[in-house]
>>> print(open('upload-v7.tsv').read())   # TSV, C-alpha atoms and all ligand atoms
chain	number	residue	atom	x	y	z
A	11	MET	CA	-51.27	-74.43	-179.64
A	12	GLN	CA	-47.75	-74.63	-178.26
A	13	LYS	CA	-46.01	-77.94	-178.71
A	14	TYR	CA	-43.48	-79.41	-176.33
A	15	ASN	CA	-40.75	-81.96	-176.75
A	16	ASP	CA	-40.87	-84.96	-174.54
A	17	LYS	CA	-37.99	-87.21	-173.60
A	18	ILE	CA	-38.17	-90.87	-174.39
A	19	CYS	CA	-35.71	-93.38	-173.02
A	20	ASN	CA	-34.22	-96.12	-175.15
A	21	GLN	CA	-33.89	-99.67	-173.84
A	22	SER	CA	-30.59	-99.11	-172.08
A	23	GLY	CA	-32.18	-96.24	-170.16
A	24	GLN	CA	-30.39	-93.42	-171.95
A	25	THR	CA	-32.38	-90.43	-173.02
A	26	SER	CA	-31.78	-90.35	-176.71
A	27	ILE	CA	-34.91	-89.92	-178.75
A	28	PHE	CA	-36.99	-86.77	-178.77
A	29	VAL	CA	-40.48	-86.69	-180.14
A	30	LYS	CA	-43.04	-83.97	-180.51
A	31	LYS	CA	-45.94	-84.22	-178.15
A	32	ASP	CA	-48.78	-81.93	-177.26
A	33	ASN	CA	-48.59	-80.12	-173.96
A	34	ASN	CA	-50.94	-82.29	-171.93
A	35	LEU	CA	-49.30	-84.20	-169.11
A	36	GLU	CA	-50.51	-86.56	-166.41
A	37	GLY	CA	-49.47	-86.67	-162.80
A	38	THR	CA	-50.42	-87.06	-159.18
A	39	VAL	CA	-51.10	-84.26	-156.71
A	40	LYS	CA	-48.31	-84.10	-154.17
A	41	LYS	CA	-49.39	-81.18	-152.05
A	42	SER	CA	-51.88	-78.35	-152.17
A	43	THR	CA	-51.75	-75.00	-150.47
A	44	GLY	CA	-54.69	-72.75	-151.10
A	45	SER	CA	-55.06	-72.26	-154.81
A	46	TRP	CA	-51.83	-74.00	-155.87
A	47	TYR	CA	-51.64	-77.71	-156.52
A	48	TYR	CA	-48.21	-79.27	-156.80
A	49	VAL	CA	-48.35	-82.10	-159.30
A	50	GLU	CA	-45.65	-84.70	-159.88
A	51	ASP	CA	-45.65	-85.84	-163.50
A	52	THR	CA	-44.82	-89.36	-164.62
A	53	ASN	CA	-41.12	-88.43	-164.92
A	54	GLY	CA	-40.99	-87.22	-161.33
A	55	GLU	CA	-40.93	-83.51	-162.25
A	56	GLU	CA	-42.93	-81.16	-160.08
A	57	TRP	CA	-45.36	-78.59	-161.52
A	58	ALA	CA	-47.18	-75.81	-159.69
A	59	CYS	CA	-50.69	-75.95	-161.07
A	60	LYS	CA	-53.95	-74.07	-160.82
A	61	ILE	CA	-57.35	-75.48	-161.53
A	62	LYS	CA	-59.31	-74.79	-164.64
A	63	GLY	CA	-63.04	-74.45	-164.28
A	64	LYS	CA	-64.98	-76.43	-161.76
A	65	PHE	CA	-64.47	-79.90	-160.38
A	66	ARG	CA	-67.42	-80.95	-158.36
A	67	ILE	CA	-68.13	-84.24	-156.67
A	68	LYS	CA	-71.80	-84.98	-156.43
A	69	GLY	CA	-73.25	-84.71	-152.97
A	70	ILE	CA	-70.38	-83.02	-151.14
A	71	ARG	CA	-69.19	-79.46	-150.96
A	72	THR	CA	-65.44	-79.27	-150.67
A	73	THR	CA	-62.96	-76.48	-150.17
A	74	ASN	CA	-60.51	-78.41	-152.35
A	75	PRO	CA	-62.01	-80.13	-155.36
A	76	VAL	CA	-58.63	-81.69	-156.14
A	77	ALA	CA	-56.72	-83.40	-153.33
A	78	VAL	CA	-53.36	-84.95	-152.51
A	79	GLY	CA	-53.19	-88.36	-154.15
A	80	ASP	CA	-55.49	-87.41	-157.01
A	81	ASN	CA	-54.49	-88.37	-160.52
A	82	VAL	CA	-54.91	-85.44	-162.88
A	83	LYS	CA	-54.29	-84.26	-166.39
A	84	PHE	CA	-52.78	-80.82	-166.81
A	85	ARG	CA	-51.67	-78.44	-169.50
A	86	ILE	CA	-48.28	-76.76	-169.42
A	87	VAL	CA	-48.48	-73.00	-168.90
A	88	GLN	CA	-44.74	-72.33	-168.72
A	89	GLU	CA	-41.56	-74.37	-168.44
A	90	THR	CA	-39.46	-72.19	-166.10
A	91	PRO	CA	-40.55	-72.24	-163.42
A	92	LYS	CA	-42.79	-75.19	-164.14
A	93	GLU	CA	-46.42	-74.14	-164.10
A	94	GLY	CA	-49.54	-75.84	-165.31
A	95	LEU	CA	-53.29	-75.82	-165.42
A	96	ILE	CA	-55.22	-78.86	-164.22
A	97	THR	CA	-57.87	-79.74	-166.77
A	98	ASP	CA	-59.04	-83.18	-165.77
A	99	LEU	CA	-59.48	-85.24	-162.64
A	100	LYS	CA	-59.43	-89.02	-162.88
A	101	GLU	CA	-62.03	-91.02	-161.04
A	102	ARG	CA	-61.14	-91.66	-157.40
A	103	LYS	CA	-60.96	-95.05	-155.77
A	104	ASN	CA	-61.76	-93.45	-152.40
A	105	TYR	CA	-61.01	-90.35	-150.35
A	106	ILE	CA	-60.60	-89.29	-146.75
A	107	ILE	CA	-62.42	-86.18	-145.72
A	108	ARG	CA	-62.85	-83.83	-142.78
A	109	ARG	CA	-64.98	-80.81	-142.13
A	110	ALA	CA	-63.23	-77.65	-143.30
A	111	THR	CA	-63.95	-75.89	-140.00
A	112	LYS	CA	-65.91	-77.01	-136.96
A	113	LEU	CA	-69.29	-75.64	-137.96
A	114	SER	CA	-68.78	-75.57	-141.69
A	115	LYS	CA	-70.97	-77.47	-144.12
A	116	GLU	CA	-67.99	-77.61	-146.43
A	117	SER	CA	-65.53	-80.45	-146.30
A	118	HIS	CA	-61.85	-80.74	-146.98
A	119	ILE	CA	-60.47	-83.79	-148.73
A	120	ILE	CA	-57.32	-84.88	-146.95
A	121	ALA	CA	-56.22	-87.55	-149.39
A	122	ALA	CA	-57.55	-89.52	-152.34
A	123	ASN	CA	-56.85	-93.02	-153.69
A	124	VAL	CA	-55.64	-94.47	-150.42
A	125	ASP	CA	-54.63	-98.15	-150.40
A	126	GLN	CA	-53.88	-98.43	-146.69
A	127	ALA	CA	-53.55	-96.30	-143.56
A	128	ILE	CA	-50.82	-96.46	-140.94
A	129	VAL	CA	-51.18	-95.21	-137.41
A	130	MET	CA	-47.71	-94.54	-136.06
A	131	ALA	CA	-47.37	-94.95	-132.31
A	132	SER	CA	-44.79	-95.16	-129.58
A	133	LEU	CA	-44.96	-96.59	-126.08
A	134	ILE	CA	-42.63	-93.91	-124.72
A	135	TYR	CA	-41.41	-90.34	-125.43
A	136	PRO	CA	-44.27	-89.71	-126.20
A	137	GLU	CA	-46.68	-92.46	-125.24
A	138	THR	CA	-49.48	-93.05	-127.73
A	139	PHE	CA	-52.68	-94.07	-126.01
A	140	THR	CA	-54.55	-97.04	-127.40
A	141	LEU	CA	-57.64	-94.82	-127.66
A	142	PHE	CA	-55.80	-92.83	-130.34
A	143	ILE	CA	-54.91	-96.04	-132.17
A	144	ASP	CA	-58.44	-97.43	-131.93
A	145	ARG	CA	-60.06	-94.17	-133.07
A	146	PHE	CA	-57.81	-94.25	-136.10
A	147	LEU	CA	-58.62	-97.88	-136.85
A	148	VAL	CA	-62.36	-97.22	-136.50
A	149	THR	CA	-62.10	-94.46	-139.08
A	150	ALA	CA	-60.07	-96.67	-141.39
A	151	GLU	CA	-62.69	-99.42	-141.06
A	152	ALA	CA	-65.45	-96.93	-141.84
A	153	TYR	CA	-63.65	-96.08	-145.08
A	154	ARG	CA	-62.88	-99.78	-145.66
A	155	ILE	CA	-59.20	-98.92	-145.86
A	156	PRO	CA	-56.87	-101.56	-144.36
A	157	GLY	CA	-55.29	-100.25	-141.16
A	158	ILE	CA	-51.73	-100.94	-140.05
A	159	VAL	CA	-50.36	-100.29	-136.56
A	160	LEU	CA	-46.74	-99.16	-136.48
A	161	PHE	CA	-44.83	-98.93	-133.19
A	162	ASN	CA	-41.65	-96.87	-133.34
A	163	LYS	CA	-38.75	-96.21	-130.95
A	164	ILE	CA	-38.42	-99.84	-129.87
A	165	ASP	CA	-34.74	-99.10	-129.14
A	166	LEU	CA	-35.98	-97.19	-126.08
A	167	TYR	CA	-38.23	-99.89	-124.63
A	168	ASP	CA	-37.17	-101.61	-121.43
A	169	GLU	CA	-38.28	-105.10	-120.51
A	170	SER	CA	-41.73	-104.09	-119.28
A	171	LEU	CA	-42.42	-101.97	-122.37
A	172	MET	CA	-41.29	-104.87	-124.54
A	173	GLU	CA	-43.86	-107.04	-122.78
A	174	LYS	CA	-46.50	-104.41	-123.37
A	175	LEU	CA	-45.49	-104.24	-127.02
A	176	GLU	CA	-45.85	-107.97	-127.38
A	177	ARG	CA	-49.26	-107.90	-125.72
A	178	LEU	CA	-50.52	-105.12	-128.00
A	179	THR	CA	-49.04	-106.80	-131.06
A	180	ASN	CA	-50.95	-109.97	-130.21
A	181	ILE	CA	-54.19	-108.07	-129.66
A	182	TYR	CA	-54.11	-106.23	-132.98
A	183	THR	CA	-52.75	-109.16	-134.97
A	184	LYS	CA	-55.49	-111.42	-133.66
A	185	ILE	CA	-58.13	-108.95	-134.86
A	186	GLY	CA	-56.53	-108.99	-138.30
A	187	TYR	CA	-54.40	-105.84	-138.39
A	188	GLN	CA	-50.83	-105.82	-139.62
A	189	VAL	CA	-48.47	-104.72	-136.87
A	190	CYS	CA	-44.94	-103.50	-137.45
A	191	THR	CA	-42.43	-102.65	-134.72
A	192	ILE	CA	-39.49	-100.50	-135.73
A	193	SER	CA	-36.80	-98.10	-134.68
A	194	THR	CA	-35.99	-95.35	-137.14
A	195	LYS	CA	-32.88	-94.80	-135.06
A	196	THR	CA	-31.34	-98.27	-135.31
A	197	GLY	CA	-33.13	-99.22	-138.52
A	198	GLU	CA	-34.57	-102.35	-136.95
A	199	ASN	CA	-37.36	-103.96	-139.04
A	200	LEU	CA	-37.39	-101.10	-141.55
A	201	ASP	CA	-37.10	-103.60	-144.41
A	202	GLN	CA	-40.27	-105.29	-143.25
A	203	LEU	CA	-42.05	-101.94	-143.21
A	204	LYS	CA	-40.71	-101.06	-146.64
A	205	SER	CA	-42.17	-104.22	-148.10
A	206	LEU	CA	-45.56	-103.22	-146.68
A	207	LEU	CA	-45.25	-99.79	-148.29
A	208	LYS	CA	-43.97	-100.92	-151.67
A	209	HIS	CA	-46.18	-100.01	-154.65
A	210	ARG	CA	-48.97	-98.70	-152.44
A	211	GLN	CA	-50.34	-95.29	-151.63
A	212	THR	CA	-50.27	-95.16	-147.83
A	213	VAL	CA	-51.65	-92.50	-145.53
A	214	ILE	CA	-49.72	-92.09	-142.30
A	215	ALA	CA	-50.79	-90.33	-139.12
A	216	GLY	CA	-49.42	-90.21	-135.63
A	217	ASN	CA	-49.27	-88.02	-132.57
A	218	SER	CA	-46.54	-85.40	-132.69
A	219	GLY	CA	-43.13	-86.71	-131.72
A	220	VAL	CA	-43.58	-90.39	-132.57
A	221	GLY	CA	-41.02	-90.09	-135.36
A	222	LYS	CA	-42.93	-89.65	-138.60
A	223	SER	CA	-40.46	-87.13	-140.02
A	224	SER	CA	-37.54	-89.33	-138.97
A	225	LEU	CA	-39.16	-92.29	-140.71
A	226	ILE	CA	-39.68	-90.40	-143.97
A	227	ASN	CA	-36.07	-89.18	-143.89
A	228	GLU	CA	-34.90	-92.72	-143.27
A	229	ILE	CA	-36.79	-94.41	-146.11
A	230	ILE	CA	-36.44	-91.56	-148.62
A	231	PRO	CA	-32.77	-90.62	-148.68
A	232	GLY	CA	-32.28	-86.92	-149.22
A	233	SER	CA	-35.74	-85.81	-148.16
A	234	ASN	CA	-34.36	-83.77	-145.24
A	235	ILE	CA	-37.57	-83.18	-143.37
A	236	LYS	CA	-36.98	-81.26	-140.17
A	237	THR	CA	-37.25	-83.37	-137.06
A	238	LYS	CA	-37.82	-81.96	-133.63
A	239	PRO	CA	-35.90	-82.59	-130.44
A	240	VAL	CA	-38.00	-84.88	-128.21
A	241	SER	CA	-38.43	-82.06	-125.70
A	242	GLU	CA	-40.21	-79.95	-128.30
A	243	ALA	CA	-42.02	-82.72	-130.08
A	244	HIS	CA	-45.05	-82.54	-127.80
A	245	LYS	CA	-45.60	-78.86	-128.32
A	246	THR	CA	-47.81	-78.21	-131.27
A	247	GLY	CA	-46.78	-74.80	-132.49
A	248	LYS	CA	-49.27	-72.38	-133.97
A	249	HIS	CA	-47.48	-72.41	-137.26
A	250	THR	CA	-47.23	-76.14	-137.79
A	251	THR	CA	-48.52	-76.98	-141.21
A	252	THR	CA	-51.74	-78.91	-141.58
A	253	PHE	CA	-51.33	-79.68	-145.27
A	254	ALA	CA	-51.02	-83.30	-146.23
A	255	GLU	CA	-48.03	-84.13	-148.40
A	256	ARG	CA	-47.31	-87.04	-150.66
A	257	HIS	CA	-43.76	-88.41	-150.68
A	258	THR	CA	-42.73	-90.72	-153.50
A	259	LEU	CA	-40.82	-93.77	-152.30
A	260	PRO	CA	-37.63	-94.73	-154.16
A	261	PHE	CA	-38.71	-98.39	-154.13
A	262	GLY	CA	-42.19	-97.72	-155.53
A	263	GLY	CA	-45.33	-96.37	-153.94
A	264	CYS	CA	-45.71	-93.31	-151.77
A	265	ILE	CA	-46.65	-92.14	-148.32
A	266	ILE	CA	-49.04	-89.32	-147.61
A	267	ASP	CA	-48.09	-87.56	-144.41
A	268	THR	CA	-50.96	-85.89	-142.61
A	269	PRO	CA	-49.38	-83.48	-140.11
A	270	GLY	CA	-51.54	-81.82	-137.54
A	271	ILE	CA	-54.50	-84.00	-138.34
A	272	LYS	CA	-55.62	-85.74	-135.20
A	273	GLY	CA	-56.43	-89.30	-136.04
A	274	PHE	CA	-57.38	-88.98	-139.66
A	275	GLY	CA	-60.46	-88.03	-141.52
A	276	LEU	CA	-63.87	-87.81	-140.04
A	277	VAL	CA	-66.93	-89.87	-140.48
A	278	ASP	CA	-70.29	-88.94	-139.05
A	279	MET	CA	-71.36	-92.16	-137.45
A	280	HIS	CA	-74.55	-93.28	-135.85
A	281	LYS	CA	-73.98	-94.74	-132.41
A	282	GLU	CA	-75.34	-98.09	-133.64
A	283	GLU	CA	-72.66	-98.12	-136.29
A	284	ILE	CA	-69.54	-97.74	-134.16
A	285	TYR	CA	-69.19	-101.35	-133.06
A	286	HIS	CA	-69.31	-102.43	-136.70
A	287	TYR	CA	-65.84	-100.90	-136.96
A	288	PHE	CA	-64.42	-103.00	-134.12
A	289	PRO	CA	-64.18	-106.26	-136.09
A	290	GLU	CA	-63.99	-108.54	-133.04
A	291	ILE	CA	-66.92	-106.80	-131.33
A	292	PHE	CA	-68.94	-106.92	-134.53
A	293	GLU	CA	-68.29	-110.64	-134.81
A	294	ALA	CA	-69.39	-111.31	-131.24
A	295	SER	CA	-72.49	-109.11	-131.59
A	296	SER	CA	-74.30	-111.64	-133.73
A	297	ASP	CA	-74.92	-113.69	-130.59
A	298	CYS	CA	-76.29	-110.84	-128.46
A	299	LYS	CA	-79.84	-111.35	-127.25
A	300	PHE	CA	-81.10	-108.04	-128.66
A	301	HIS	CA	-80.47	-107.08	-132.25
A	302	ASN	CA	-80.13	-103.42	-131.25
A	303	CYS	CA	-77.66	-104.20	-128.44
A	304	LEU	CA	-75.05	-101.46	-127.94
A	305	HIS	CA	-73.03	-103.78	-125.70
A	306	LYS	CA	-73.14	-101.48	-122.71
A	307	ASN	CA	-75.25	-103.16	-120.04
A	308	GLU	CA	-77.92	-105.02	-121.96
A	309	PRO	CA	-78.92	-108.47	-120.73
A	310	GLY	CA	-77.70	-111.37	-122.83
A	311	CYS	CA	-74.88	-109.35	-124.36
A	312	ASN	CA	-72.38	-111.74	-125.91
A	313	VAL	CA	-69.79	-108.97	-126.29
A	314	LYS	CA	-69.65	-108.36	-122.52
A	315	GLN	CA	-69.54	-112.09	-122.00
A	316	GLN	CA	-66.54	-112.44	-124.31
A	317	VAL	CA	-64.76	-109.53	-122.61
A	318	GLU	CA	-65.27	-111.23	-119.23
A	319	GLU	CA	-63.96	-114.50	-120.62
A	320	GLY	CA	-60.93	-112.76	-122.10
A	321	PHE	CA	-61.70	-113.42	-125.78
A	322	ILE	CA	-62.16	-109.72	-126.45
A	323	ASP	CA	-59.48	-107.43	-125.04
A	324	SER	CA	-60.86	-105.30	-122.21
A	325	GLY	CA	-58.82	-102.29	-123.33
A	326	ARG	CA	-60.36	-102.38	-126.80
A	327	TYR	CA	-63.79	-102.73	-125.21
A	328	ARG	CA	-63.14	-99.71	-122.95
A	329	ASN	CA	-62.09	-97.69	-125.99
A	330	TYR	CA	-65.26	-98.75	-127.77
A	331	LEU	CA	-67.34	-97.49	-124.83
A	332	SER	CA	-65.37	-94.25	-124.79
A	333	ILE	CA	-65.92	-93.59	-128.50
A	334	LEU	CA	-69.59	-94.48	-128.08
A	335	GLN	CA	-69.93	-92.05	-125.17
A	336	ASP	CA	-68.24	-89.21	-127.09
A	337	ASN	CA	-70.61	-89.85	-129.95
A	338	GLU	CA	-73.68	-89.85	-127.68
A	339	GLU	CA	-72.58	-86.57	-126.08
A	340	LYS	CA	-71.95	-85.00	-129.45
A	341	TYR	CA	-75.45	-85.77	-130.69
A	342	ARG	CA	-77.31	-85.13	-127.46
A	401	LIG	P1	-42.69	-86.38	-135.68
A	401	LIG	O1	-43.26	-85.25	-134.87
A	401	LIG	O2	-43.57	-87.59	-135.60
A	401	LIG	O3	-42.35	-86.01	-137.08
A	401	LIG	O4	-41.35	-86.82	-134.93
A	401	LIG	P2	-39.82	-86.57	-135.31
A	401	LIG	O5	-39.43	-87.40	-136.48
A	401	LIG	O6	-39.55	-85.11	-135.38
A	401	LIG	O7	-39.12	-87.21	-134.03
A	401	LIG	C1	-39.25	-86.68	-132.74
A	401	LIG	C2	-38.02	-87.04	-131.94
A	401	LIG	O8	-37.96	-88.45	-131.75
A	401	LIG	C3	-36.71	-86.66	-132.63
A	401	LIG	O9	-35.85	-86.15	-131.66
A	401	LIG	C4	-36.20	-87.96	-133.19
A	401	LIG	O10	-34.79	-87.98	-133.27
A	401	LIG	C5	-36.68	-88.95	-132.16
A	401	LIG	N1	-36.88	-90.30	-132.73
A	401	LIG	C6	-37.57	-90.63	-133.86
A	401	LIG	N2	-37.54	-91.96	-134.07
A	401	LIG	C7	-36.83	-92.50	-133.05
A	401	LIG	C8	-36.46	-93.85	-132.69
A	401	LIG	O11	-36.79	-94.84	-133.34
A	401	LIG	N3	-35.74	-93.99	-131.54
A	401	LIG	C9	-35.37	-92.94	-130.77
A	401	LIG	N4	-34.65	-93.19	-129.68
A	401	LIG	N5	-35.70	-91.67	-131.07
A	401	LIG	C10	-36.42	-91.45	-132.19
A	402	ZN	ZN	-74.21	-106.90	-127.01
>>> encode(input="upload-v7.tsv", output="structure tokens", more="lines below")
Ligand code: GDP
Ligand code: ZN
Amino acid sequence: MQKYNDKICNQSGQTSIFVKKDNNLEGTVKKSTGSWYYVEDTNGEEWACKIKGKFRIKGIRTTNPVAVGDNVKFRIVQETPKEGLITDLKERKNYIIRRATKLSKESHIIAANVDQAIVMASLIYPETFTLFIDRFLVTAEAYRIPGIVLFNKIDLYDESLMEKLERLTNIYTKIGYQVCTISTKTGENLDQLKSLLKHRQTVIAGNSGVGKSSLINEIIPGSNIKTKPVSEAHKTGKHTTTFAERHTLPFGGCIIDTPGIKGFGLVDMHKEEIYHYFPEIFEASSDCKFHNCLHKNEPGCNVKQQVEEGFIDSGRYRNYLSILQDNEEKYR
């Protein structure tokens, strides 16, 4: 078997000692396109890898057995350009999945080992609707992944949008979500966001144009991701990539960008399950008269009561009804 030299740093950080090591390395999947998996090793070097043999997860059929965020072992195939062969997949903490195509029985894993999920929004140019935010949070709850709401472009908000921002911040904070309000343009509150991201693997999603690329460029100097002029940001071109990509953060941790993925992931939910993922509705539901209450029009519904009394936000409740209705239509 071929042997490779590995660098070892001495205490002052200089690379000075070289030792022999076998050619098995460990790393994390950064990106995957078809049959290639780009793996970042523990020294930050990137390797284009293929998969050896079969990796199967019990119970699901996936188009990609190894996903972005996965920790893998791989064997070096060649040094220039760097190519490897993935031989081992470490156990996953969790993973986010969607159906490969609309009617397919196969699934596609969007990301693995996710610590938290950010929905990036803006109140203007373009406006993110709260239904988009709430759908995202419902999915995050279903995966038991902590959700964070991030509002960008606050430099553009006038007085009335600032009021709206404050109202929404209060609503989501009260439910228990972290809320962060930033401007990638002026840099306002970016430090606060960075401390949320530090040492964690974070999935980020947002509607096109909210400033995801700008944010990544801002917090990872030198990443040079192409941003779009606002006028074009709404148009989703045919050739926009739909591959998730993991970006290592210089201060520790990483963000997994999920372009072109509306909301994130997909969970097949029973209609009775949806309100479980609205924490404040779930809490109120314990005092509904009927145990199978869907909180639509049932008598003795404590959820409706709390909406009327202003304890549950009426916008959140409307979004719950909307998600419920979509679900009922889908399974009719
Ligand atoms: P993406 O589609 O989410 O990746 O959005 P981009 O990062 O490409 O940004 C879309 C447009 O919004 C670009 O023209 C950015 O310059 C602009 N933009 C991003 N963040 C901000 C911000 O905080 N304030 C302002 N005024 N513009 C921003
Ligand atoms: Zn009820």
>>> residues_around(input="upload-v7.tsv", residues="Phe300 (chain A)", least_positions_apart="5", cutoff="12 Å", atoms="all atoms listed in the file", output="list in words")
Ser295, His305, Lys306, Asn307, Glu308, Pro309, Gly310, Cys311, Asn312 and Val313 of chain A
>>> closest_residue(input="upload-v7.tsv", among="A:Lys163, A:His209, A:His257, A:Arg145", to="Leu334 (chain A)", atoms="all atoms listed in the file")
A:Arg145
>>> atom_distance(input="upload-v7.tsv", atom1="CA of Ala127 (chain A)", atom2="CA of Val76 (chain A)")
19.9 Å
>>> closest_atom_pairs(input="upload-v7.tsv", of="region 79-197 of chain A", to="region 43-49 of chain A", cutoff="9 Å", atoms="only C-alpha atoms", output="JSON lines")
{"residue": "A:Asn81", "atom": "CA", "partner": "A:Val49", "partner_atom": "CA", "distance": 8.9}
{"residue": "A:Val82", "atom": "CA", "partner": "A:Val49", "partner_atom": "CA", "distance": 8.2}
{"residue": "A:Phe84", "atom": "CA", "partner": "A:Val49", "partner_atom": "CA", "distance": 8.8}
{"residue": "A:Gly94", "atom": "CA", "partner": "A:Val49", "partner_atom": "CA", "distance": 8.8}
{"residue": "A:Ile96", "atom": "CA", "partner": "A:Tyr47", "partner_atom": "CA", "distance": 8.6}
>>> residues_near_ligand(input="upload-v7.tsv", ligand="ligand LIG 401 (chain A)", cutoff="6 Å", atoms="all atoms listed in the file", output="CSV table (one decimal) with C-alpha atoms, in the coordinates of the input")
chain,number,residue,atom,x,y,z
A,162,ASN,CA,-41.6,-96.9,-133.3
A,163,LYS,CA,-38.8,-96.2,-131.0
A,165,ASP,CA,-34.7,-99.1,-129.1
A,166,LEU,CA,-36.0,-97.2,-126.1
A,193,SER,CA,-36.8,-98.1,-134.7
A,194,THR,CA,-36.0,-95.4,-137.1
A,195,LYS,CA,-32.9,-94.8,-135.1
A,218,SER,CA,-46.5,-85.4,-132.7
A,219,GLY,CA,-43.1,-86.7,-131.7
A,220,VAL,CA,-43.6,-90.4,-132.6
A,221,GLY,CA,-41.0,-90.1,-135.4
A,222,LYS,CA,-42.9,-89.6,-138.6
A,223,SER,CA,-40.5,-87.1,-140.0
A,224,SER,CA,-37.5,-89.3,-139.0
A,237,THR,CA,-37.2,-83.4,-137.1
A,238,LYS,CA,-37.8,-82.0,-133.6
A,239,PRO,CA,-35.9,-82.6,-130.4
A,240,VAL,CA,-38.0,-84.9,-128.2
A,243,ALA,CA,-42.0,-82.7,-130.1
>>> closest_residue(input="upload-v7.tsv", among="A:Ile322, A:Lys299, A:Glu55, A:Leu331", to="ligand ZN 402 (chain A)", atoms="all atoms listed in the file")
A:Lys299
>>> atom_distance(input="upload-v7.tsv", atom1="CA of Ile164 (chain A)", atom2="CA of Glu176 (chain A)")
11.3 Å
>>> closest_residue(input="upload-v7.tsv", among="A:Glu101, A:Glu339, A:Glu282, A:Glu319", to="ligand ZN 402 (chain A)", atoms="only C-alpha atoms and all ligand atoms")
A:Glu282
